[in-house]
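With PDB, C-alpha atoms, pLDDT in the B column inside, this is coords-v9.pdb:
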ATOM      1  CA  MET V   1      -1.733 114.163 -44.329  1.00 93.00           C
ATOM      2  CA  THR V   2      -1.303 110.637 -45.697  1.00 97.00           C
ATOM      3  CA  ILE V   3      -4.140 108.503 -47.009  1.00 98.00           C
ATOM      4  CA  GLY V   4      -3.734 104.755 -46.741  1.00 98.00           C
ATOM      5  CA  ILE V   5      -5.058 102.573 -49.560  1.00 98.00           C
ATOM      6  CA  VAL V   6      -5.730  99.143 -48.071  1.00 98.00           C
ATOM      7  CA  GLY V   7      -4.872  96.794 -50.918  1.00 98.00           C
ATOM      8  CA  ARG V   8      -2.256  95.182 -53.106  1.00 97.00           C
ATOM      9  CA  ALA V   9      -0.135  97.728 -55.000  1.00 95.00           C
ATOM     10  CA  LYS V  10      -0.577  95.890 -58.307  1.00 95.00           C
ATOM     11  CA  ASP V  11      -4.348  96.523 -58.113  1.00 96.00           C
ATOM     12  CA  THR V  12      -4.510 100.120 -56.891  1.00 97.00           C
ATOM     13  CA  CYS V  13      -2.805 102.210 -59.588  1.00 97.00           C
ATOM     14  CA  ASN V  14      -5.983 104.134 -60.491  1.00 97.00           C
ATOM     15  CA  TYR V  15      -6.489 105.242 -56.891  1.00 98.00           C
ATOM     16  CA  GLU V  16      -2.885 106.326 -56.436  1.00 98.00           C
ATOM     17  CA  LYS V  17      -2.889 108.160 -59.764  1.00 97.00           C
ATOM     18  CA  TYR V  18      -6.039 110.097 -58.901  1.00 98.00           C
ATOM     19  CA  LEU V  19      -4.856 111.062 -55.402  1.00 98.00           C
ATOM     20  CA  HIS V  20      -1.579 112.278 -56.854  1.00 97.00           C
ATOM     21  CA  THR V  21      -3.438 114.450 -59.393  1.00 97.00           C
ATOM     22  CA  ILE V  22      -5.202 116.251 -56.521  1.00 97.00           C
ATOM     23  CA  LYS V  23      -1.887 116.467 -54.624  1.00 97.00           C
ATOM     24  CA  VAL V  24      -2.788 114.110 -51.793  1.00 98.00           C
ATOM     25  CA  ASN V  25      -0.035 111.975 -50.319  1.00 98.00           C
ATOM     26  CA  CYS V  26      -0.900 108.281 -50.165  1.00 98.00           C
ATOM     27  CA  ILE V  27       0.567 104.868 -49.501  1.00 98.00           C
ATOM     28  CA  THR V  28      -0.731 101.463 -50.545  1.00 98.00           C
ATOM     29  CA  SER V  29      -0.161  98.821 -47.909  1.00 98.00           C
ATOM     30  CA  LEU V  30      -1.456  95.704 -46.212  1.00 98.00           C
ATOM     31  CA  THR V  31       0.789  96.242 -43.183  1.00 98.00           C
ATOM     32  CA  ILE V  32      -1.305  97.242 -40.204  1.00 96.00           C
ATOM     33  CA  GLY V  33       1.487  99.293 -38.630  1.00 95.00           C
ATOM     34  CA  GLU V  34       1.913 101.399 -41.774  1.00 97.00           C
ATOM     35  CA  LEU V  35      -1.831 101.905 -42.143  1.00 97.00           C
ATOM     36  CA  ALA V  36      -2.127 102.928 -38.486  1.00 96.00           C
ATOM     37  CA  SER V  37       0.073 105.946 -39.215  1.00 96.00           C
ATOM     38  CA  CYS V  38      -2.348 107.241 -41.875  1.00 98.00           C
ATOM     39  CA  GLN V  39      -4.930 109.934 -41.221  1.00 98.00           C
ATOM     40  CA  ALA V  40      -7.635 108.259 -43.356  1.00 98.00           C
ATOM     41  CA  LEU V  41      -8.129 104.974 -45.194  1.00 98.00           C
ATOM     42  CA  ILE V  42      -9.534 104.030 -48.584  1.00 98.00           C
ATOM     43  CA  PHE V  43     -10.764 100.486 -49.161  1.00 98.00           C
ATOM     44  CA  PRO V  44     -10.606  99.975 -52.943  1.00 98.00           C
ATOM     45  CA  GLY V  45     -12.548  97.871 -55.412  1.00 97.00           C
ATOM     46  CA  GLY V  46     -11.570  94.307 -56.209  1.00 96.00           C
ATOM     47  CA  GLY V  47     -12.925  90.775 -56.299  1.00 96.00           C
ATOM     48  CA  ASP V  48     -15.738  89.266 -54.259  1.00 97.00           C
ATOM     49  CA  ILE V  49     -15.602  88.915 -50.490  1.00 97.00           C
ATOM     50  CA  THR V  50     -15.258  85.423 -49.060  1.00 97.00           C
ATOM     51  CA  PRO V  51     -18.848  84.385 -48.201  1.00 96.00           C
ATOM     52  CA  HIS V  52     -17.993  82.580 -44.958  1.00 93.00           C
ATOM     53  CA  LEU V  53     -16.816  85.915 -43.549  1.00 94.00           C
ATOM     54  CA  PHE V  54     -20.467  86.957 -43.448  1.00 93.00           C
ATOM     55  CA  ALA V  55     -21.729  83.479 -42.509  1.00 93.00           C
ATOM     56  CA  ALA V  56     -23.184  82.648 -45.921  1.00 94.00           C
ATOM     57  CA  PRO V  57     -22.747  79.813 -48.412  1.00 95.00           C
ATOM     58  CA  ASN V  58     -21.234  80.694 -51.760  1.00 95.00           C
ATOM     59  CA  GLN V  59     -24.128  81.800 -53.964  1.00 93.00           C
ATOM     60  CA  GLY V  60     -22.281  83.356 -56.872  1.00 91.00           C
ATOM     61  CA  ALA V  61     -19.084  84.834 -55.410  1.00 94.00           C
ATOM     62  CA  HIS V  62     -15.908  84.447 -57.471  1.00 92.00           C
ATOM     63  CA  ASN V  63     -12.438  85.966 -57.805  1.00 93.00           C
ATOM     64  CA  ILE V  64     -12.011  85.528 -54.043  1.00 96.00           C
ATOM     65  CA  ASP V  65      -8.855  86.468 -52.090  1.00 97.00           C
ATOM     66  CA  THR V  66      -9.463  85.380 -48.490  1.00 97.00           C
ATOM     67  CA  GLU V  67      -6.062  86.541 -47.238  1.00 97.00           C
ATOM     68  CA  LEU V  68      -6.751  90.033 -48.558  1.00 98.00           C
ATOM     69  CA  ASP V  69     -10.279  90.038 -47.109  1.00 98.00           C
ATOM     70  CA  LEU V  70      -9.019  89.139 -43.632  1.00 98.00           C
ATOM     71  CA  ILE V  71      -6.369  91.857 -43.648  1.00 98.00           C
ATOM     72  CA  GLN V  72      -8.825  94.452 -44.941  1.00 98.00           C
ATOM     73  CA  LEU V  73     -11.396  93.528 -42.300  1.00 98.00           C
ATOM     74  CA  ARG V  74      -8.779  93.800 -39.572  1.00 98.00           C
ATOM     75  CA  ALA V  75      -7.674  97.204 -40.880  1.00 98.00           C
ATOM     76  CA  PHE V  76     -11.292  98.333 -41.012  1.00 98.00           C
ATOM     77  CA  GLN V  77     -12.014  97.268 -37.446  1.00 98.00           C
ATOM     78  CA  LEU V  78      -8.921  99.063 -36.126  1.00 97.00           C
ATOM     79  CA  ALA V  79      -9.774 102.253 -38.036  1.00 98.00           C
ATOM     80  CA  TYR V  80     -13.413 102.006 -36.944  1.00 98.00           C
ATOM     81  CA  ARG V  81     -12.426 101.795 -33.281  1.00 97.00           C
ATOM     82  CA  SER V  82     -10.050 104.745 -33.714  1.00 97.00           C
ATOM     83  CA  GLN V  83     -12.703 106.757 -35.605  1.00 98.00           C
ATOM     84  CA  VAL V  84     -10.340 107.261 -38.545  1.00 98.00           C
ATOM     85  CA  PRO V  85     -12.176 108.511 -41.687  1.00 98.00           C
ATOM     86  CA  ILE V  86     -12.902 105.648 -44.086  1.00 98.00           C
ATOM     87  CA  LEU V  87     -13.993 105.636 -47.723  1.00 98.00           C
ATOM     88  CA  GLY V  88     -15.044 102.351 -49.313  1.00 98.00           C
ATOM     89  CA  ILE V  89     -15.233 102.075 -53.105  1.00 98.00           C
ATOM     90  CA  CYS V  90     -17.093  99.184 -54.785  1.00 98.00           C
ATOM     91  CA  LYS V  91     -15.776  96.108 -52.940  1.00 98.00           C
ATOM     92  CA  GLY V  92     -14.616  98.520 -50.245  1.00 98.00           C
ATOM     93  CA  MET V  93     -18.211  99.617 -49.628  1.00 98.00           C
ATOM     94  CA  GLN V  94     -19.262  95.987 -49.363  1.00 98.00           C
ATOM     95  CA  LEU V  95     -16.415  95.276 -46.946  1.00 98.00           C
ATOM     96  CA  ILE V  96     -17.499  98.119 -44.666  1.00 98.00           C
ATOM     97  CA  ASN V  97     -20.996  96.693 -44.679  1.00 98.00           C
ATOM     98  CA  ILE V  98     -19.762  93.228 -43.693  1.00 98.00           C
ATOM     99  CA  GLY V  99     -17.518  94.755 -41.038  1.00 98.00           C
ATOM    100  CA  LEU V 100     -20.572  96.351 -39.445  1.00 98.00           C
ATOM    101  CA  GLY V 101     -22.723  93.223 -39.542  1.00 97.00           C
ATOM    102  CA  GLY V 102     -24.564  93.751 -42.830  1.00 97.00           C
ATOM    103  CA  THR V 103     -25.178  91.311 -45.667  1.00 96.00           C
ATOM    104  CA  LEU V 104     -24.369  91.080 -49.371  1.00 97.00           C
ATOM    105  CA  ILE V 105     -26.350  90.122 -52.427  1.00 97.00           C
ATOM    106  CA  GLN V 106     -23.889  87.691 -54.002  1.00 97.00           C
ATOM    107  CA  HIS V 107     -25.245  88.040 -57.532  1.00 96.00           C
ATOM    108  CA  LEU V 108     -27.683  90.682 -58.712  1.00 96.00           C
ATOM    109  CA  ASP V 109     -30.531  89.564 -60.953  1.00 96.00           C
ATOM    110  CA  THR V 110     -29.878  92.850 -62.748  1.00 96.00           C
ATOM    111  CA  ALA V 111     -26.094  92.408 -62.933  1.00 95.00           C
ATOM    112  CA  ALA V 112     -26.107  93.246 -66.662  1.00 95.00           C
ATOM    113  CA  LEU V 113     -27.010  96.833 -65.718  1.00 92.00           C
ATOM    114  CA  HIS V 114     -23.893  97.140 -63.571  1.00 96.00           C
ATOM    115  CA  THR V 115     -21.063  95.156 -65.090  1.00 94.00           C
ATOM    116  CA  SER V 116     -19.385  94.439 -68.389  1.00 93.00           C
ATOM    117  CA  PRO V 117     -16.237  92.394 -69.053  1.00 89.00           C
ATOM    118  CA  LYS V 118     -14.526  95.219 -70.909  1.00 87.00           C
ATOM    119  CA  GLU V 119     -15.666  98.568 -69.539  1.00 93.00           C
ATOM    120  CA  ASP V 120     -17.549 100.474 -66.867  1.00 96.00           C
ATOM    121  CA  LEU V 121     -21.277 100.890 -67.379  1.00 97.00           C
ATOM    122  CA  TYR V 122     -22.961 104.226 -66.666  1.00 98.00           C
ATOM    123  CA  HIS V 123     -26.459 104.595 -65.249  1.00 97.00           C
ATOM    124  CA  GLU V 124     -28.646 107.199 -63.574  1.00 98.00           C
ATOM    125  CA  THR V 125     -28.947 107.359 -59.793  1.00 98.00           C
ATOM    126  CA  HIS V 126     -30.926 109.377 -57.290  1.00 98.00           C
ATOM    127  CA  THR V 127     -29.822 110.557 -53.848  1.00 98.00           C
ATOM    128  CA  LEU V 128     -31.422 110.960 -50.450  1.00 98.00           C
ATOM    129  CA  ALA V 129     -32.462 114.562 -49.832  1.00 98.00           C
ATOM    130  CA  ASP V 130     -29.951 116.470 -47.689  1.00 95.00           C
ATOM    131  CA  SER V 131     -27.458 113.608 -47.721  1.00 98.00           C
ATOM    132  CA  PHE V 132     -23.788 114.347 -48.350  1.00 98.00           C
ATOM    133  CA  LEU V 133     -24.095 113.190 -51.978  1.00 98.00           C
ATOM    134  CA  HIS V 134     -27.216 115.273 -52.522  1.00 98.00           C
ATOM    135  CA  ARG V 135     -25.336 118.320 -51.263  1.00 98.00           C
ATOM    136  CA  LEU V 136     -22.279 117.535 -53.405  1.00 98.00           C
ATOM    137  CA  TYR V 137     -23.969 116.536 -56.674  1.00 98.00           C
ATOM    138  CA  GLY V 138     -27.702 117.116 -56.509  1.00 98.00           C
ATOM    139  CA  PRO V 139     -30.725 114.800 -56.659  1.00 98.00           C
ATOM    140  CA  LYS V 140     -29.818 112.824 -59.817  1.00 98.00           C
ATOM    141  CA  PHE V 141     -26.605 112.060 -61.696  1.00 98.00           C
ATOM    142  CA  LYS V 142     -24.884 109.286 -63.640  1.00 98.00           C
ATOM    143  CA  VAL V 143     -22.248 107.043 -62.116  1.00 98.00           C
ATOM    144  CA  ASN V 144     -20.040 104.236 -63.404  1.00 98.00           C
ATOM    145  CA  SER V 145     -20.098 100.682 -62.158  1.00 95.00           C
ATOM    146  CA  ARG V 146     -18.495  97.306 -62.681  1.00 95.00           C
ATOM    147  CA  HIS V 147     -19.905  94.922 -60.095  1.00 96.00           C
ATOM    148  CA  HIS V 148     -22.267  91.965 -59.888  1.00 97.00           C
ATOM    149  CA  GLN V 149     -22.679  92.001 -56.092  1.00 97.00           C
ATOM    150  CA  ALA V 150     -24.236  94.650 -53.872  1.00 97.00           C
ATOM    151  CA  VAL V 151     -25.068  95.591 -50.312  1.00 98.00           C
ATOM    152  CA  GLY V 152     -28.094  93.716 -48.986  1.00 96.00           C
ATOM    153  CA  LYS V 153     -29.055  94.572 -45.411  1.00 97.00           C
ATOM    154  CA  PRO V 154     -27.104  97.668 -44.271  1.00 98.00           C
ATOM    155  CA  GLY V 155     -24.738  97.199 -41.360  1.00 98.00           C
ATOM    156  CA  SER V 156     -25.117  98.859 -37.970  1.00 98.00           C
ATOM    157  CA  LYS V 157     -25.804 102.623 -38.189  1.00 98.00           C
ATOM    158  CA  LEU V 158     -25.265 102.775 -41.960  1.00 98.00           C
ATOM    159  CA  THR V 159     -27.779 104.932 -43.825  1.00 98.00           C
ATOM    160  CA  PRO V 160     -28.342 104.343 -47.575  1.00 98.00           C
ATOM    161  CA  VAL V 161     -28.112 107.633 -49.485  1.00 98.00           C
ATOM    162  CA  GLN V 162     -28.047 106.711 -53.199  1.00 98.00           C
ATOM    163  CA  TRP V 163     -29.756 104.160 -55.445  1.00 98.00           C
ATOM    164  CA  CYS V 164     -29.744 103.114 -59.099  1.00 98.00           C
ATOM    165  CA  LEU V 165     -32.860 104.391 -60.864  1.00 96.00           C
ATOM    166  CA  ASN V 166     -33.202 101.196 -62.900  1.00 94.00           C
ATOM    167  CA  ASP V 167     -33.255  98.544 -60.172  1.00 96.00           C
ATOM    168  CA  SER V 168     -32.931 100.351 -56.794  1.00 96.00           C
ATOM    169  CA  CYS V 169     -29.478  98.833 -56.176  1.00 97.00           C
ATOM    170  CA  MET V 170     -27.850 100.710 -53.292  1.00 98.00           C
ATOM    171  CA  GLU V 171     -25.077 102.934 -54.640  1.00 98.00           C
ATOM    172  CA  ALA V 172     -23.850 104.697 -51.480  1.00 98.00           C
ATOM    173  CA  PHE V 173     -24.216 104.905 -47.720  1.00 98.00           C
ATOM    174  CA  CYS V 174     -22.785 106.805 -44.771  1.00 98.00           C
ATOM    175  CA  HIS V 175     -22.434 106.105 -41.074  1.00 98.00           C
ATOM    176  CA  GLN V 176     -24.831 107.960 -38.815  1.00 98.00           C
ATOM    177  CA  THR V 177     -22.173 109.225 -36.377  1.00 98.00           C
ATOM    178  CA  LEU V 178     -18.695 108.319 -37.677  1.00 98.00           C
ATOM    179  CA  PRO V 179     -16.711 109.564 -40.724  1.00 98.00           C
ATOM    180  CA  ILE V 180     -17.424 106.440 -42.798  1.00 98.00           C
ATOM    181  CA  LEU V 181     -18.598 106.620 -46.414  1.00 98.00           C
ATOM    182  CA  GLY V 182     -19.168 103.992 -49.065  1.00 98.00           C
ATOM    183  CA  VAL V 183     -19.883 104.255 -52.789  1.00 98.00           C
ATOM    184  CA  GLN V 184     -20.583 101.321 -55.097  1.00 98.00           C
ATOM    185  CA  TRP V 185     -19.252 103.226 -58.131  1.00 98.00           C
ATOM    186  CA  HIS V 186     -15.704 104.231 -59.089  1.00 98.00           C
ATOM    187  CA  PRO V 187     -15.047 107.972 -58.653  1.00 98.00           C
ATOM    188  CA  GLU V 188     -11.330 107.491 -59.319  1.00 98.00           C
ATOM    189  CA  ARG V 189     -12.022 106.652 -62.969  1.00 97.00           C
ATOM    190  CA  LEU V 190     -15.105 108.627 -63.996  1.00 98.00           C
ATOM    191  CA  ASP V 191     -15.206 109.375 -67.718  1.00 97.00           C
ATOM    192  CA  PRO V 192     -16.122 113.046 -68.327  1.00 96.00           C
ATOM    193  CA  SER V 193     -17.697 112.105 -71.653  1.00 97.00           C
ATOM    194  CA  GLN V 194     -20.200 109.863 -69.851  1.00 97.00           C
ATOM    195  CA  THR V 195     -21.233 111.965 -66.846  1.00 98.00           C
ATOM    196  CA  SER V 196     -21.403 115.567 -65.722  1.00 97.00           C
ATOM    197  CA  ILE V 197     -19.826 114.923 -62.307  1.00 98.00           C
ATOM    198  CA  THR V 198     -16.200 114.555 -61.254  1.00 98.00           C
ATOM    199  CA  ALA V 199     -14.582 112.813 -58.304  1.00 98.00           C
ATOM    200  CA  LEU V 200     -13.184 116.003 -56.818  1.00 98.00           C
ATOM    201  CA  PRO V 201     -16.169 117.062 -54.658  1.00 98.00           C
ATOM    202  CA  LEU V 202     -16.398 113.578 -53.149  1.00 98.00           C
ATOM    203  CA  PHE V 203     -12.702 113.380 -52.309  1.00 98.00           C
ATOM    204  CA  GLN V 204     -12.646 116.946 -50.993  1.00 98.00           C
ATOM    205  CA  TYR V 205     -15.550 116.095 -48.714  1.00 98.00           C
ATOM    206  CA  PHE V 206     -13.845 112.907 -47.552  1.00 98.00           C
ATOM    207  CA  LEU V 207     -10.602 114.774 -46.817  1.00 97.00           C
ATOM    208  CA  SER V 208     -12.561 117.409 -44.869  1.00 98.00           C
ATOM    209  CA  LEU V 209     -13.511 114.655 -42.418  1.00 98.00           C
ATOM    210  CA  VAL V 210      -9.890 114.144 -41.387  1.00 95.00           C
TER
END
Please, can you express the file's structure as structure tokens?
Amino acid sequence: MTIGIVGRAKDTCNYEKYLHTIKVNCITSLTIGELASCQALIFPGGGDITPHLFAAPNQGAHNIDTELDLIQLRAFQLAYRSQVPILGICKGMQLINIGLGGTLIQHLDTAALHTSPKEDLYHETHTLADSFLHRLYGPKFKVNSRHHQAVGKPGSKLTPVQWCLNDSCMEAFCHQTLPILGVQWHPERLDPSQTSITALPLFQYFLSLV
């Protein structure tokens, strides 16, 4: 099994390092042919998505890489049509949402709860009963975040399954029929001194979808 990380290699070291620690083979690529040979795809965190790709004016987006966004959206659409398992992390979750016709909040009024220039912030969340995250981690747990944007209206057939307790920001969703998951937090770099959970159950569940 090979997991494809859809991004630039200079920005994906944390994802590669974590997958290697759990002995999962992975490649980082923006070449569609290489990604098509993978059994599952991860869309990693990064900058903000180009607003015109979801038919919106710029209302707070920055650190934009339109070339990357276009390649990632193309890779998502191909994987979606092939029903390849997909995990979106932070920006990756937002990209899935755009790919399925959803919207983004370009700057949260409560952004200070979710992002800091120097480090991840940790906050409590709650999960939807009987959702995959509820089964993996329980009804409440802390996650890390570093984002100022968030999912607005969910895309087609995406069900929200986790929210921040402080401001109800959506923290995760899943597709109703396909093996597509998205989390707004960063499982690949959870700090065990800040939370009781680890990334392993999430990644094991994701790999079980292959």
field: Expected selection from the PyMOL selection byres ((chain V and resi 181) around 9), given as a PyMOL selection string
entry: chain V and resi 85-89+93+96+158+172-175+178-180+182-183+206
Restricted to C-alpha atoms, what would the selected residues look like written as a compact mmCIF listing (two decimals), in the coordinates of the input?
# COMPACT_ATOMS: atom_id res chain seq x y z
CA PRO V 85 -12.18 108.51 -41.69
CA ILE V 86 -12.90 105.65 -44.09
CA LEU V 87 -13.99 105.64 -47.72
CA GLY V 88 -15.04 102.35 -49.31
CA ILE V 89 -15.23 102.08 -53.10
CA MET V 93 -18.21 99.62 -49.63
CA ILE V 96 -17.50 98.12 -44.67
CA LEU V 158 -25.26 102.78 -41.96
CA ALA V 172 -23.85 104.70 -51.48
CA PHE V 173 -24.22 104.90 -47.72
CA CYS V 174 -22.78 106.80 -44.77
CA HIS V 175 -22.43 106.10 -41.07
CA LEU V 178 -18.70 108.32 -37.68
CA PRO V 179 -16.71 109.56 -40.72
CA ILE V 180 -17.42 106.44 -42.80
CA GLY V 182 -19.17 103.99 -49.06
CA VAL V 183 -19.88 104.26 -52.79
CA PHE V 206 -13.84 112.91 -47.55
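Using all atoms listed in the file, the set of residues no farther than 12 Å from the position (-20.7, 82.6, -47.1) comprises Asp48, Ile49, Thr50, Pro51, His52, Leu53, Phe54, Ala55, Ala56, Pro57, Asn58, Gln59, Gly60, Ala61, His62, Ile64, Thr66, Ile98, Thr103, Leu104, Ile105 and Gln106 of chain V.
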query: Could you name the residues that touch His148 in chain V at 6 Å or less, counting only C-alpha atoms, but leaving out those on the same chain fewer than 5 positions away, as a VMD selection string?
result: chain V and resid 107 to 108 111
message: So, with only C-alpha atoms as the atoms that count, which of V:Ser208, V:Thr127, V:Ser37, V:Ser168 lies closest to Asp109 in chain V?
response: V:Ser168
task: Do a neighbour search on Lys142 in chain V at 10 Å with all atoms listed in the file, toss out local chain neighbours closer than 2 positions, and write the hits as a list in words.
output: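 Listing them by chain and then by number gives Leu121, Tyr122, His123, Glu124, Thr125, His126, Lys140, Asn144, Ser145, Cys164, Leu165, Trp185, Leu190, Gln194, Thr195, Ser196 and Ile197 of chain V.
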Sorted by chain and rising residue number, list the residues of range 73-189 of chain V at most 10 Å from range 9-27 of chain V (counting all atoms listed in the file), each with its closest atom pair and distance in Å to one decimal, as a tab-separated table.
residue	atom	partner	partner_atom	distance
V:His186	CA	V:Tyr15	CA	9.5
V:Pro187	CA	V:Tyr15	CA	9.2
V:Glu188	CA	V:Tyr15	CA	5.9
V:Arg189	CA	V:Asn14	CA	7.0
field: Shortest interatomic distance to Glu119 in chain V - which of V:Glu171, V:Asp65, V:Glu34, V:Asp191, counting all atoms listed in the file
entry: V:Asp191
Could you list the residues chosen by the PyMOL selection byres ((chain V and resi 2) around 7) in this structure as a JSON list (two decimals) with C-alpha atoms, keeping the file's coordinate frame?
[["chain", "number", "residue", "atom", "x", "y", "z"],
["V", 1, "MET", "CA", -1.73, 114.16, -44.33],
["V", 3, "ILE", "CA", -4.14, 108.50, -47.01],
["V", 4, "GLY", "CA", -3.73, 104.76, -46.74],
["V", 25, "ASN", "CA", -0.04, 111.98, -50.32],
["V", 26, "CYS", "CA", -0.90, 108.28, -50.16],
["V", 38, "CYS", "CA", -2.35, 107.24, -41.88],
["V", 39, "GLN", "CA", -4.93, 109.93, -41.22]]
- request: Work out how far CA of Met170 in chain V is from CA of His147 in chain V, in Å to one decimal.
  value: 12.0 Å
- request: Work out how far apart CA of Lys91 in chain V and CA of Pro44 in chain V are and give it in Å to one decimal.
  value: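 These atoms are spaced 6.5 Å apart.
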query: Do you have the CA of Gly92 in chain V-CA of Trp163 in chain V distance handy?
result: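 Pair CA of Gly92 in chain V / CA of Trp163 in chain V returns 17.0 Å.
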field: Pick from V:Leu209, V:Leu30, V:Leu200, V:Cys90, whichever lies nearest to Thr177 in chain V using all atoms listed in the file
entry: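 The answer is V:Leu209, which sits nearest to Thr177 in chain V.
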query: Looking at all atoms listed in the file, which of V:Pro139, V:Pro117, V:Gly33, V:Pro192 is the one that sits closest to Val6 in chain V?
result: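 Of V:Pro139, V:Pro117, V:Gly33, V:Pro192, the one nearest Val6 in chain V is V:Gly33, counting all atoms listed in the file.
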message: I'd like the neighbourhood of Ser156 in chain V as a PyMOL selection string, where a residue qualifies if any of its atoms comes within 9 Å (using all atoms listed in the file), though same-chain residues fewer than 6 positions away should be ignored.
response: chain V and resi 97+100-102+175
message: For a quick check of understanding, using only C-alpha atoms, which of V:Ala79, V:Leu73, V:Val161, V:Ala112 has the smallest distance to Arg135 in chain V?
response: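 Counting only C-alpha atoms, the residue closest to Arg135 in chain V is V:Val161.
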